[in-house]
4 protein chains.
Amino acid sequence: MTPSVETWAQELAGESPYVVTRRALEVFGVDVAIAFSGAEDVLLLEYANQTGLPFRVFALDTGRLPPETYQAFAAAEAHYGIRIEYCFPDAGRVESLVRKKGLFSFLEDGHEECCGIRKVEPLARQLAGLRAWITGQRRDQSPTRAGVARVELDGAHVGPLGPLVKLNPLAETTAEEVWDAIRAFGVPYNPLFERGYRSVGCAPCTRAVLPGEHERAGRWWWEEATRRECGLHR
Amino acid sequence: MTPSVETWAQELAGESPYVVTRRALEVFGVDVAIAFSGAEDVLLLEYANQTGLPFRVFALDTGRLPPETYQAFAAAEAHYGIRIEYCFPDAGRVESLVRKKGLFSFLEDGHEECCGIRKVEPLARQLAGLRAWITGQRRDQSPTRAGVARVELDGAHVGPLGPLVKLNPLAETTAEEVWDAIRAFGVPYNPLFERGYRSVGCAPCTRAVLPGEHERAGRWWWEEATRRECGLHR
Amino acid sequence: MTPSVETWAQELAGESPYVVTRRALEVFGVDVAIAFSGAEDVLLLEYANQTGLPFRVFALDTGRLPPETYQAFAAAEAHYGIRIEYCFPDAGRVESLVRKKGLFSFLEDGHEECCGIRKVEPLARQLAGLRAWITGQRRDQSPTRAGVARVELDGAHVGPLGPLVKLNPLAETTAEEVWDAIRAFGVPYNPLFERGYRSVGCAPCTRAVLPGEHERAGRWWWEEATRRECGLHR
Amino acid sequence: MTPSVETWAQELAGESPYVVTRRALEVFGVDVAIAFSGAEDVLLLEYANQTGLPFRVFALDTGRLPPETYQAFAAAEAHYGIRIEYCFPDAGRVESLVRKKGLFSFLEDGHEECCGIRKVEPLARQLAGLRAWITGQRRDQSPTRAGVARVELDGAHVGPLGPLVKLNPLAETTAEEVWDAIRAFGVPYNPLFERGYRSVGCAPCTRAVLPGEHERAGRWWWEEATRRECGLHR
């Protein structure tokens, strides 16, 4: 039986990201999958691999990712001997948007519509078959993520047995700790990080940041800081 | 009534690319569209625009195009005041391929399968509603294109009234002439051409060429020269 | 009369970088110059300009700077209406080194010899005509700079009147504060900072750093952390 | 005794670039050197190496070359086991120019002054110790080079024994033939050629060319086509 979110939160308090990841795999097996964005959340794959347990990984291929991110996906597949479950947006919805508004409508009226079609809907489709998912969200990533918990009930996504459990093993880990671990374990990382990127997303909506800028300054920079979420995490 | 391909071939022999384009628009109206790849075939849009007639343009967004090509599409839309009809691949087919074989399977077993899903099928869907299409094919582009005619019956694609007419206004134009015209008319071109690219396609399957290399050396370079077609033109 | 270094240190304790810069210009006039590396020390030019006093700037053009840094120099000249006093290495010394050991000898036997010819000697020549110089050194830049003071007697460089006074207005300022000020004042900065660089030097000896890496990890990375100084500051 | 230029011209008529190079080395020995620009004239080093004779190479390091060209020099040194004799401009002259006019004065009043200091003077210094030099000039490179001969008397440069002999083994070779040979012999080439460059010079004065543009369109493009020579060849 699955522990309640409250029980888990107590059990996992103070445990390392590795332990949180391992417990998730032990409890949910094939009914849990890691959401991999092609960024520094690749560390979750490293922890999953260290458990020796089988693990599932999915990624949202929006059709607008930078070429480097496809390389990062392929590098992770090769390094960990896995196949990623890519999720692709619906042709009809994409065509309907871009034929009417062009390829850069998000610069005019916000990224929600495009993210909705290219990320949120494919994610919902993928989660519909799961009981839980594991994400790389961290509190230090954004003002909108300051309250992220290690274990949450995902009110926005429903699977065959009800709302999903969402695990954020890195919630209380800092960017510096994540990168120390990536270097220490020799984890393959997205080459964009060698060009000043501190966050990874669609090519037209992500850019390198200047020294002293927050990583979220490289995402949807033409919009307000509090709206710089793609809608995957609510 | 539509002239037969044979009649047209005679009528258009010796006429300029502009005249071929204009005649196609006059004869077929909304039942013809220009296939725009984001490359130097942008010159077709210039000729179409010069006619003063309305014209349709479509483009195959494979989901793996380089970011510069999306910019080229947007620049053409802005310059000519048009909306391009983008064609996007089917989510189920893409997911089925990449979940099983990864994102770079074409390096192992050839580009036909991937091109089939991301280009050929969406093209067929688009052409199914047309009576004719206009392409930028030229004889000097490839050994496989040495026999391209200005007007052809397209044996591979069928519309509601039977096989499509395929017009190649640039068939006998050279790359040098195309680029002279692009510069002379101030046509907006893909910035990849400023980085050594001589042909434009999907990011992982296109690269810059060296001096003295044929433009086709920048496409599917790991395969034989005679197989460097994506299957759009048969 | 010039205050002693001890007197100055007391006088300037707790004053802002702007005040330190202004006092240096007031006291030394044309006998002081700002050493500008093309990096975030451009902020010193902003402060100098804000004083309304005339100010001198020099830069070491080693002959191996990245093209972006020459642009940064030109941008600063245009923005502040100044001419930078560039210092160029001696032809005979450079030729002697590179004809014997090649263009990348520093990868084999350390950067001291090359820096000595391209930076240290031209700097000494420039400083020989001054009584004081202003640098952008900060304590947070490197373990080797943890003890940098706002005002120092420069034991390594002698001018016509004896050892130079060295002023480091940013000694106790953090990288984050420097960049906040650069953005706030609209100071033109080196475009390399938009590509992941956190420090600027010669092209073959500088690179972008990863998230969580110290800026000095981008300089002479094949050598020990404690030796990552070019010899300008002793 | 050295043959006269007229005798040589007859003797070498119809001979291959390899034979012209070999004969130059046989006749002049250590009194001849190859001028290597870091571009496709690297083929001359290949021919010299194939002779089995010792050969000298020099290069003009202007202090503004792109980083890739330094790599090309180092790659040629490693591939052929040679040391290149780099020629560096005089510090006083460079400083005098850039302190007065800035780093991009050539955009305002032409490239002759800067080329004079960074190329022409160091070349004259190098040639002063030679009896002959070998260059990669070709007739197809520029309208200004249409009359280049395989063997010429260099009226512009004088060595200890009088005017130099100038050999241009590639005078009648085409760019396409040069690149075919580079590929066939596996000669290491400047990576700029993989980014659309067709000519190589100083970073601020060289750029990639578009399809159909002449290689000289990538040099001093803000000046007239007939003035696009740096003054090395008169």
# chains A, B, ... in the order shown; residues from 1 in each chain; ligands from 1
call {"tool": "residues_around", "arguments": {"residues": "Gly201 in chain B", "least_positions_apart": "5", "cutoff": "9 Å", "atoms": "only C-alpha atoms", "output": "list in words"}}
result
Ser37, Gly38, Ala39, Arg64, Leu65, Pro66, Thr69, Thr206, Arg207 and Arg219 of chain B
call {"tool": "write_last_selection", "arguments": {"atoms": "N, CA, C and O atoms", "output": "PDB file, in the first residue's frame"}}
result
ATOM      1  N   SER B  37      10.937  25.924 -47.806  1.00  0.00           N
ATOM      2  CA  SER B  37      11.767  25.143 -46.879  1.00  0.00           C
ATOM      3  C   SER B  37      12.534  26.018 -45.898  1.00  0.00           C
ATOM      4  O   SER B  37      13.245  25.499 -45.034  1.00  0.00           O
ATOM      5  N   GLY B  38      12.444  27.338 -46.061  1.00  0.00           N
ATOM      6  CA  GLY B  38      13.232  28.218 -45.206  1.00  0.00           C
ATOM      7  C   GLY B  38      14.617  28.480 -45.771  1.00  0.00           C
ATOM      8  O   GLY B  38      15.443  29.125 -45.127  1.00  0.00           O
ATOM      9  N   ALA B  39      14.855  28.005 -46.974  1.00  0.00           N
ATOM     10  CA  ALA B  39      16.163  28.187 -47.611  1.00  0.00           C
ATOM     11  C   ALA B  39      16.062  29.244 -48.712  1.00  0.00           C
ATOM     12  O   ALA B  39      15.221  30.140 -48.654  1.00  0.00           O
ATOM     13  N   ARG B  64      12.361  19.434 -35.674  1.00  0.00           N
ATOM     14  CA  ARG B  64      13.803  19.360 -35.468  1.00  0.00           C
ATOM     15  C   ARG B  64      14.535  20.421 -36.286  1.00  0.00           C
ATOM     16  O   ARG B  64      15.735  20.288 -36.556  1.00  0.00           O
ATOM     17  N   LEU B  65      13.834  21.453 -36.696  1.00  0.00           N
ATOM     18  CA  LEU B  65      14.479  22.502 -37.486  1.00  0.00           C
ATOM     19  C   LEU B  65      15.402  23.334 -36.605  1.00  0.00           C
ATOM     20  O   LEU B  65      15.159  23.504 -35.415  1.00  0.00           O
ATOM     21  N   PRO B  66      16.462  23.897 -37.173  1.00  0.00           N
ATOM     22  CA  PRO B  66      17.320  24.780 -36.390  1.00  0.00           C
ATOM     23  C   PRO B  66      16.576  26.079 -36.052  1.00  0.00           C
ATOM     24  O   PRO B  66      15.748  26.546 -36.834  1.00  0.00           O
ATOM     25  N   THR B  69      15.937  28.722 -38.697  1.00  0.00           N
ATOM     26  CA  THR B  69      14.931  28.532 -39.737  1.00  0.00           C
ATOM     27  C   THR B  69      13.563  29.041 -39.289  1.00  0.00           C
ATOM     28  O   THR B  69      12.802  29.590 -40.096  1.00  0.00           O
ATOM     29  N   THR B 206      21.877  18.528 -41.238  1.00  0.00           N
ATOM     30  CA  THR B 206      22.377  19.573 -42.113  1.00  0.00           C
ATOM     31  C   THR B 206      23.606  20.185 -41.483  1.00  0.00           C
ATOM     32  O   THR B 206      23.661  20.347 -40.271  1.00  0.00           O
ATOM     33  N   ARG B 207      24.580  20.528 -42.309  1.00  0.00           N
ATOM     34  CA  ARG B 207      25.781  21.183 -41.784  1.00  0.00           C
ATOM     35  C   ARG B 207      26.367  22.083 -42.859  1.00  0.00           C
ATOM     36  O   ARG B 207      26.026  21.978 -44.041  1.00  0.00           O
ATOM     37  N   ARG B 219      24.145  17.601 -46.393  1.00  0.00           N
ATOM     38  CA  ARG B 219      22.911  16.902 -46.012  1.00  0.00           C
ATOM     39  C   ARG B 219      23.154  15.399 -45.899  1.00  0.00           C
ATOM     40  O   ARG B 219      23.678  14.795 -46.843  1.00  0.00           O
TER      41      ARG B 219
END
call {"tool": "closest_atom_pairs", "arguments": {"of": "chain C", "to": "chain D", "cutoff": "12 Å", "atoms": "only C-alpha atoms", "output": "JSON lines"}}
result
{"residue": "C:Arg56", "atom": "CA", "partner": "D:Arg99", "partner_atom": "CA", "distance": 11.7}
{"residue": "C:Val57", "atom": "CA", "partner": "D:Arg99", "partner_atom": "CA", "distance": 10.6}
{"residue": "C:Phe58", "atom": "CA", "partner": "D:Arg99", "partner_atom": "CA", "distance": 9.4}
{"residue": "C:Ala59", "atom": "CA", "partner": "D:Arg99", "partner_atom": "CA", "distance": 10.3}
{"residue": "C:Leu60", "atom": "CA", "partner": "D:Glu95", "partner_atom": "CA", "distance": 10.5}
{"residue": "C:Asp61", "atom": "CA", "partner": "D:Gly63", "partner_atom": "CA", "distance": 8.5}
{"residue": "C:Thr62", "atom": "CA", "partner": "D:Gly63", "partner_atom": "CA", "distance": 7.7}
{"residue": "C:Gly63", "atom": "CA", "partner": "D:Gly63", "partner_atom": "CA", "distance": 4.0}
{"residue": "C:Arg64", "atom": "CA", "partner": "D:Gly63", "partner_atom": "CA", "distance": 6.4}
{"residue": "C:Leu65", "atom": "CA", "partner": "D:Arg64", "partner_atom": "CA", "distance": 8.0}
{"residue": "C:Pro66", "atom": "CA", "partner": "D:Pro67", "partner_atom": "CA", "distance": 7.0}
{"residue": "C:Pro67", "atom": "CA", "partner": "D:Ala203", "partner_atom": "CA", "distance": 6.7}
{"residue": "C:Glu68", "atom": "CA", "partner": "D:Pro204", "partner_atom": "CA", "distance": 10.0}
{"residue": "C:Thr69", "atom": "CA", "partner": "D:Leu103", "partner_atom": "CA", "distance": 10.8}
{"residue": "C:Tyr70", "atom": "CA", "partner": "D:Leu103", "partner_atom": "CA", "distance": 7.0}
{"residue": "C:Gln71", "atom": "CA", "partner": "D:Leu103", "partner_atom": "CA", "distance": 8.5}
{"residue": "C:Ala72", "atom": "CA", "partner": "D:Leu103", "partner_atom": "CA", "distance": 10.5}
{"residue": "C:Phe73", "atom": "CA", "partner": "D:Leu103", "partner_atom": "CA", "distance": 8.1}
{"residue": "C:Ala74", "atom": "CA", "partner": "D:Leu103", "partner_atom": "CA", "distance": 6.7}
{"residue": "C:Ala75", "atom": "CA", "partner": "D:Leu103", "partner_atom": "CA", "distance": 10.4}
{"residue": "C:Ala76", "atom": "CA", "partner": "D:Gly102", "partner_atom": "CA", "distance": 11.0}
{"residue": "C:Glu77", "atom": "CA", "partner": "D:Gly102", "partner_atom": "CA", "distance": 8.2}
{"residue": "C:Ala78", "atom": "CA", "partner": "D:Gly102", "partner_atom": "CA", "distance": 9.8}
{"residue": "C:Gly81", "atom": "CA", "partner": "D:Gly102", "partner_atom": "CA", "distance": 11.5}
{"residue": "C:Ile82", "atom": "CA", "partner": "D:Gly102", "partner_atom": "CA", "distance": 9.7}
{"residue": "C:Arg83", "atom": "CA", "partner": "D:Arg99", "partner_atom": "CA", "distance": 6.3}
{"residue": "C:Ile84", "atom": "CA", "partner": "D:Arg99", "partner_atom": "CA", "distance": 6.2}
{"residue": "C:Glu85", "atom": "CA", "partner": "D:Arg99", "partner_atom": "CA", "distance": 5.2}
{"residue": "C:Tyr86", "atom": "CA", "partner": "D:Glu95", "partner_atom": "CA", "distance": 6.0}
{"residue": "C:Cys87", "atom": "CA", "partner": "D:Glu95", "partner_atom": "CA", "distance": 6.3}
{"residue": "C:Phe88", "atom": "CA", "partner": "D:Ala91", "partner_atom": "CA", "distance": 5.2}
{"residue": "C:Pro89", "atom": "CA", "partner": "D:Ala91", "partner_atom": "CA", "distance": 5.8}
{"residue": "C:Asp90", "atom": "CA", "partner": "D:Ala91", "partner_atom": "CA", "distance": 5.4}
{"residue": "C:Ala91", "atom": "CA", "partner": "D:Phe88", "partner_atom": "CA", "distance": 5.2}
{"residue": "C:Gly92", "atom": "CA", "partner": "D:Phe88", "partner_atom": "CA", "distance": 7.8}
{"residue": "C:Arg93", "atom": "CA", "partner": "D:Phe88", "partner_atom": "CA", "distance": 9.5}
{"residue": "C:Val94", "atom": "CA", "partner": "D:Phe88", "partner_atom": "CA", "distance": 7.2}
{"residue": "C:Glu95", "atom": "CA", "partner": "D:Tyr86", "partner_atom": "CA", "distance": 6.0}
{"residue": "C:Ser96", "atom": "CA", "partner": "D:Tyr86", "partner_atom": "CA", "distance": 8.9}
{"residue": "C:Leu97", "atom": "CA", "partner": "D:Tyr86", "partner_atom": "CA", "distance": 9.6}
{"residue": "C:Val98", "atom": "CA", "partner": "D:Tyr86", "partner_atom": "CA", "distance": 6.9}
{"residue": "C:Arg99", "atom": "CA", "partner": "D:Glu85", "partner_atom": "CA", "distance": 5.2}
{"residue": "C:Lys100", "atom": "CA", "partner": "D:Arg83", "partner_atom": "CA", "distance": 7.2}
{"residue": "C:Lys101", "atom": "CA", "partner": "D:Arg83", "partner_atom": "CA", "distance": 8.0}
{"residue": "C:Gly102", "atom": "CA", "partner": "D:Arg83", "partner_atom": "CA", "distance": 6.9}
{"residue": "C:Leu103", "atom": "CA", "partner": "D:Ala74", "partner_atom": "CA", "distance": 6.7}
{"residue": "C:Phe104", "atom": "CA", "partner": "D:Ala74", "partner_atom": "CA", "distance": 7.7}
{"residue": "C:Ser105", "atom": "CA", "partner": "D:Ala74", "partner_atom": "CA", "distance": 10.4}
{"residue": "C:Ile117", "atom": "CA", "partner": "D:Ala91", "partner_atom": "CA", "distance": 11.9}
{"residue": "C:Arg118", "atom": "CA", "partner": "D:Ala91", "partner_atom": "CA", "distance": 10.8}
{"residue": "C:Glu121", "atom": "CA", "partner": "D:Ala91", "partner_atom": "CA", "distance": 11.8}
{"residue": "C:Pro122", "atom": "CA", "partner": "D:Ala91", "partner_atom": "CA", "distance": 9.4}
{"residue": "C:Arg125", "atom": "CA", "partner": "D:Ala91", "partner_atom": "CA", "distance": 11.6}
{"residue": "C:Gln126", "atom": "CA", "partner": "D:Glu95", "partner_atom": "CA", "distance": 11.5}
{"residue": "C:Cys202", "atom": "CA", "partner": "D:Pro67", "partner_atom": "CA", "distance": 9.8}
{"residue": "C:Ala203", "atom": "CA", "partner": "D:Pro67", "partner_atom": "CA", "distance": 6.7}
{"residue": "C:Pro204", "atom": "CA", "partner": "D:Pro67", "partner_atom": "CA", "distance": 7.4}
{"residue": "C:Cys205", "atom": "CA", "partner": "D:Pro67", "partner_atom": "CA", "distance": 11.0}
{"residue": "C:Thr206", "atom": "CA", "partner": "D:Pro67", "partner_atom": "CA", "distance": 11.7}
call {"tool": "select_by_dssp", "arguments": {"residues": "range 2-234 of chain D", "states": "strand (DSSP E)", "output": "PDB file with C-alpha atoms, in the first residue's frame"}}
result
ATOM      1  CA  VAL D  32      63.513  31.062 -49.429  1.00  0.00           C
ATOM      2  CA  ALA D  33      60.474  30.809 -47.141  1.00  0.00           C
ATOM      3  CA  ILE D  34      56.789  30.111 -47.542  1.00  0.00           C
ATOM      4  CA  ALA D  35      54.432  32.892 -46.495  1.00  0.00           C
ATOM      5  CA  ARG D  56      61.065  27.522 -43.869  1.00  0.00           C
ATOM      6  CA  VAL D  57      57.631  28.984 -43.149  1.00  0.00           C
ATOM      7  CA  PHE D  58      56.756  32.395 -41.795  1.00  0.00           C
ATOM      8  CA  ALA D  59      53.448  33.953 -40.773  1.00  0.00           C
ATOM      9  CA  LEU D  60      52.340  37.473 -40.002  1.00  0.00           C
ATOM     10  CA  GLU D  85      58.673  32.074 -37.950  1.00  0.00           C
ATOM     11  CA  TYR D  86      56.022  34.449 -36.650  1.00  0.00           C
ATOM     12  CA  CYS D  87      56.398  38.150 -37.443  1.00  0.00           C
ATOM     13  CA  ALA D 132      62.974  34.544 -52.508  1.00  0.00           C
ATOM     14  CA  TRP D 133      59.541  33.835 -51.073  1.00  0.00           C
ATOM     15  CA  ILE D 134      56.692  31.506 -51.916  1.00  0.00           C
ATOM     16  CA  VAL D 151      57.511  33.374 -60.989  1.00  0.00           C
ATOM     17  CA  GLU D 152      57.913  37.096 -60.596  1.00  0.00           C
ATOM     18  CA  LEU D 153      60.536  39.624 -59.655  1.00  0.00           C
ATOM     19  CA  ASP D 154      59.210  41.291 -56.510  1.00  0.00           C
ATOM     20  CA  GLY D 155      59.708  44.963 -57.181  1.00  0.00           C
ATOM     21  CA  ALA D 156      58.442  45.920 -53.745  1.00  0.00           C
ATOM     22  CA  HIS D 157      60.815  43.960 -51.532  1.00  0.00           C
ATOM     23  CA  VAL D 158      64.580  43.987 -51.448  1.00  0.00           C
ATOM     24  CA  GLY D 159      66.846  41.439 -49.788  1.00  0.00           C
ATOM     25  CA  GLY D 162      68.642  42.807 -54.449  1.00  0.00           C
ATOM     26  CA  PRO D 163      64.971  42.402 -55.375  1.00  0.00           C
ATOM     27  CA  LEU D 164      63.417  39.144 -54.247  1.00  0.00           C
ATOM     28  CA  VAL D 165      62.102  36.403 -56.459  1.00  0.00           C
ATOM     29  CA  LYS D 166      58.472  35.675 -55.696  1.00  0.00           C
ATOM     30  CA  LEU D 167      57.043  32.272 -56.504  1.00  0.00           C
TER      31      LEU D 167
END
call {"tool": "select_by_dssp", "arguments": {"residues": "range 38-179 of chain C", "states": "helix (DSSP H, G or I)", "output": "PyMOL selection string"}}
result
chain C and resi 42-51+67-80+91-101+106-109+112-127+139-141+143-145+175-179
call {"tool": "atom_distance", "arguments": {"atom1": "CA of Leu25 in chain C", "atom2": "CA of Asp180 in chain C"}}
result
24.0 Å
call {"tool": "residues_around", "arguments": {"residues": "Trp221 in chain B", "least_positions_apart": "4", "cutoff": "12 Å", "atoms": "only C-alpha atoms", "output": "PyMOL selection string"}}
result
chain B and resi 106-107+110-111+204-209+213-217+225-229
call {"tool": "write_last_selection", "arguments": {"atoms": "all heavy atoms", "output": "compact mmCIF listing (two decimals), in the first residue's frame"}}
result
# COMPACT_ATOMS: atom_id res chain seq x y z
N PHE B 106 18.41 7.90 -37.36
CA PHE B 106 18.78 8.05 -38.78
C PHE B 106 20.27 7.87 -39.01
O PHE B 106 20.69 7.55 -40.13
CB PHE B 106 18.32 9.43 -39.30
CG PHE B 106 18.43 10.53 -38.31
CD1 PHE B 106 19.65 11.15 -38.08
CD2 PHE B 106 17.32 10.93 -37.56
CE1 PHE B 106 19.76 12.17 -37.16
CE2 PHE B 106 17.43 11.95 -36.62
CZ PHE B 106 18.64 12.57 -36.42
N LEU B 107 21.07 8.08 -37.97
CA LEU B 107 22.51 7.86 -38.13
C LEU B 107 22.83 6.38 -38.23
O LEU B 107 23.88 5.99 -38.74
CB LEU B 107 23.27 8.46 -36.94
CG LEU B 107 23.16 9.98 -36.78
CD1 LEU B 107 23.85 10.44 -35.49
CD2 LEU B 107 23.79 10.70 -37.98
N GLY B 110 19.52 5.06 -41.55
CA GLY B 110 19.08 5.89 -42.66
C GLY B 110 17.98 6.86 -42.30
O GLY B 110 17.26 6.67 -41.33
N HIS B 111 17.85 7.90 -43.14
CA HIS B 111 16.93 8.97 -42.77
C HIS B 111 15.51 8.76 -43.28
O HIS B 111 14.62 9.54 -42.98
CB HIS B 111 17.47 10.31 -43.29
CG HIS B 111 17.52 10.42 -44.78
ND1 HIS B 111 18.61 10.04 -45.53
CD2 HIS B 111 16.61 10.85 -45.67
CE1 HIS B 111 18.36 10.26 -46.80
NE2 HIS B 111 17.17 10.74 -46.92
N PRO B 204 19.91 18.19 -37.07
CA PRO B 204 20.92 17.13 -36.96
C PRO B 204 21.36 16.58 -38.31
O PRO B 204 22.35 15.85 -38.36
CB PRO B 204 20.21 16.04 -36.14
CG PRO B 204 18.76 16.28 -36.34
CD PRO B 204 18.60 17.75 -36.54
N CYS B 205 20.69 16.93 -39.37
CA CYS B 205 20.96 16.34 -40.69
C CYS B 205 21.47 17.37 -41.69
O CYS B 205 21.46 17.11 -42.91
CB CYS B 205 19.70 15.67 -41.23
SG CYS B 205 19.21 14.24 -40.24
N THR B 206 21.88 18.53 -41.24
CA THR B 206 22.38 19.57 -42.11
C THR B 206 23.61 20.19 -41.48
O THR B 206 23.66 20.35 -40.27
CB THR B 206 21.32 20.69 -42.30
OG1 THR B 206 20.05 20.10 -42.57
CG2 THR B 206 21.68 21.59 -43.47
N ARG B 207 24.58 20.53 -42.31
CA ARG B 207 25.78 21.18 -41.78
C ARG B 207 26.37 22.08 -42.86
O ARG B 207 26.03 21.98 -44.04
CB ARG B 207 26.82 20.15 -41.33
CG ARG B 207 27.31 19.29 -42.46
CD ARG B 207 28.46 18.37 -42.03
NE ARG B 207 28.95 17.63 -43.19
CZ ARG B 207 29.88 16.69 -43.14
NH1 ARG B 207 30.42 16.37 -41.98
NH2 ARG B 207 30.26 16.07 -44.25
N ALA B 208 27.28 22.95 -42.45
CA ALA B 208 27.98 23.81 -43.39
C ALA B 208 28.89 22.98 -44.29
O ALA B 208 29.32 21.89 -43.92
CB ALA B 208 28.79 24.85 -42.63
N VAL B 209 29.18 23.49 -45.47
CA VAL B 209 30.08 22.77 -46.38
C VAL B 209 31.38 23.56 -46.52
O VAL B 209 31.44 24.76 -46.28
CB VAL B 209 29.45 22.54 -47.77
CG1 VAL B 209 28.24 21.63 -47.65
CG2 VAL B 209 29.09 23.85 -48.44
N GLU B 213 33.01 22.16 -51.96
CA GLU B 213 32.08 21.04 -51.76
C GLU B 213 30.72 21.39 -52.34
O GLU B 213 30.28 22.53 -52.29
CB GLU B 213 31.91 20.73 -50.27
CG GLU B 213 33.01 19.89 -49.68
CD GLU B 213 32.67 19.42 -48.27
OE1 GLU B 213 31.93 20.14 -47.57
OE2 GLU B 213 33.15 18.36 -47.89
N HIS B 214 30.04 20.36 -52.83
CA HIS B 214 28.69 20.56 -53.34
C HIS B 214 27.73 20.77 -52.18
O HIS B 214 27.94 20.25 -51.10
CB HIS B 214 28.26 19.33 -54.15
CG HIS B 214 27.00 19.57 -54.93
ND1 HIS B 214 25.76 19.43 -54.36
CD2 HIS B 214 26.81 19.99 -56.19
CE1 HIS B 214 24.84 19.74 -55.28
NE2 HIS B 214 25.45 20.09 -56.40
N GLU B 215 26.69 21.59 -52.41
CA GLU B 215 25.78 21.90 -51.31
C GLU B 215 25.16 20.64 -50.70
O GLU B 215 24.84 20.61 -49.52
CB GLU B 215 24.66 22.84 -51.78
CG GLU B 215 23.72 22.24 -52.81
CD GLU B 215 22.54 23.17 -53.11
OE1 GLU B 215 22.79 24.26 -53.65
OE2 GLU B 215 21.39 22.81 -52.79
N ARG B 216 25.02 19.60 -51.49
CA ARG B 216 24.41 18.38 -50.98
C ARG B 216 25.33 17.63 -50.02
O ARG B 216 24.91 16.69 -49.34
CB ARG B 216 24.00 17.50 -52.16
CG ARG B 216 22.60 16.89 -52.05
CD ARG B 216 21.49 17.90 -51.86
NE ARG B 216 20.22 17.26 -51.51
CZ ARG B 216 19.12 17.90 -51.17
NH1 ARG B 216 19.10 19.21 -51.14
NH2 ARG B 216 18.02 17.25 -50.85
N ALA B 217 26.63 18.04 -49.99
CA ALA B 217 27.56 17.44 -49.03
C ALA B 217 27.21 17.83 -47.60
O ALA B 217 27.70 17.24 -46.65
CB ALA B 217 28.99 17.88 -49.34
N ALA B 225 25.67 9.79 -51.90
CA ALA B 225 25.21 11.02 -52.56
C ALA B 225 23.88 10.83 -53.29
O ALA B 225 23.06 11.73 -53.35
CB ALA B 225 26.27 11.53 -53.53
N THR B 226 23.65 9.65 -53.81
CA THR B 226 22.43 9.44 -54.59
C THR B 226 21.20 9.21 -53.72
O THR B 226 20.10 9.12 -54.22
CB THR B 226 22.59 8.23 -55.52
OG1 THR B 226 22.99 7.11 -54.71
CG2 THR B 226 23.64 8.50 -56.58
N ARG B 227 21.41 9.11 -52.40
CA ARG B 227 20.25 8.88 -51.53
C ARG B 227 19.91 10.11 -50.71
O ARG B 227 19.11 10.05 -49.79
CB ARG B 227 20.51 7.68 -50.61
CG ARG B 227 20.71 6.38 -51.40
CD ARG B 227 20.88 5.20 -50.47
NE ARG B 227 19.75 5.05 -49.58
CZ ARG B 227 19.85 4.67 -48.30
NH1 ARG B 227 21.03 4.44 -47.77
NH2 ARG B 227 18.79 4.54 -47.55
N ARG B 228 20.52 11.27 -51.06
CA ARG B 228 20.33 12.45 -50.24
C ARG B 228 19.09 13.26 -50.60
O ARG B 228 19.15 14.45 -50.86
CB ARG B 228 21.60 13.32 -50.31
CG ARG B 228 22.75 12.62 -49.59
CD ARG B 228 24.02 13.39 -49.65
NE ARG B 228 25.12 12.55 -49.14
CZ ARG B 228 26.40 12.77 -49.38
NH1 ARG B 228 26.75 13.80 -50.12
NH2 ARG B 228 27.31 11.98 -48.90
N GLU B 229 17.98 12.57 -50.64
CA GLU B 229 16.68 13.20 -50.83
C GLU B 229 15.79 12.77 -49.68
O GLU B 229 15.89 11.64 -49.20
CB GLU B 229 16.06 12.76 -52.16
CG GLU B 229 16.70 13.37 -53.38
CD GLU B 229 16.35 14.85 -53.55
OE1 GLU B 229 15.47 15.34 -52.84
OE2 GLU B 229 17.01 15.50 -54.39
call {"tool": "closest_atom_pairs", "arguments": {"of": "range 184-230 of chain A", "to": "range 189-198 of chain C", "cutoff": "8 Å", "atoms": "only C-alpha atoms", "output": "JSON lines"}}
result
{"residue": "A:Phe193", "atom": "CA", "partner": "C:Gly196", "partner_atom": "CA", "distance": 7.9}
{"residue": "A:Glu194", "atom": "CA", "partner": "C:Gly196", "partner_atom": "CA", "distance": 6.5}
{"residue": "A:Arg195", "atom": "CA", "partner": "C:Arg195", "partner_atom": "CA", "distance": 4.7}
{"residue": "A:Gly196", "atom": "CA", "partner": "C:Gly196", "partner_atom": "CA", "distance": 3.3}
{"residue": "A:Tyr197", "atom": "CA", "partner": "C:Gly196", "partner_atom": "CA", "distance": 7.1}
{"residue": "A:Ala208", "atom": "CA", "partner": "C:Glu194", "partner_atom": "CA", "distance": 6.0}
{"residue": "A:Val209", "atom": "CA", "partner": "C:Glu194", "partner_atom": "CA", "distance": 6.3}
{"residue": "A:Leu210", "atom": "CA", "partner": "C:Glu194", "partner_atom": "CA", "distance": 5.7}
{"residue": "A:Pro211", "atom": "CA", "partner": "C:Arg198", "partner_atom": "CA", "distance": 6.7}
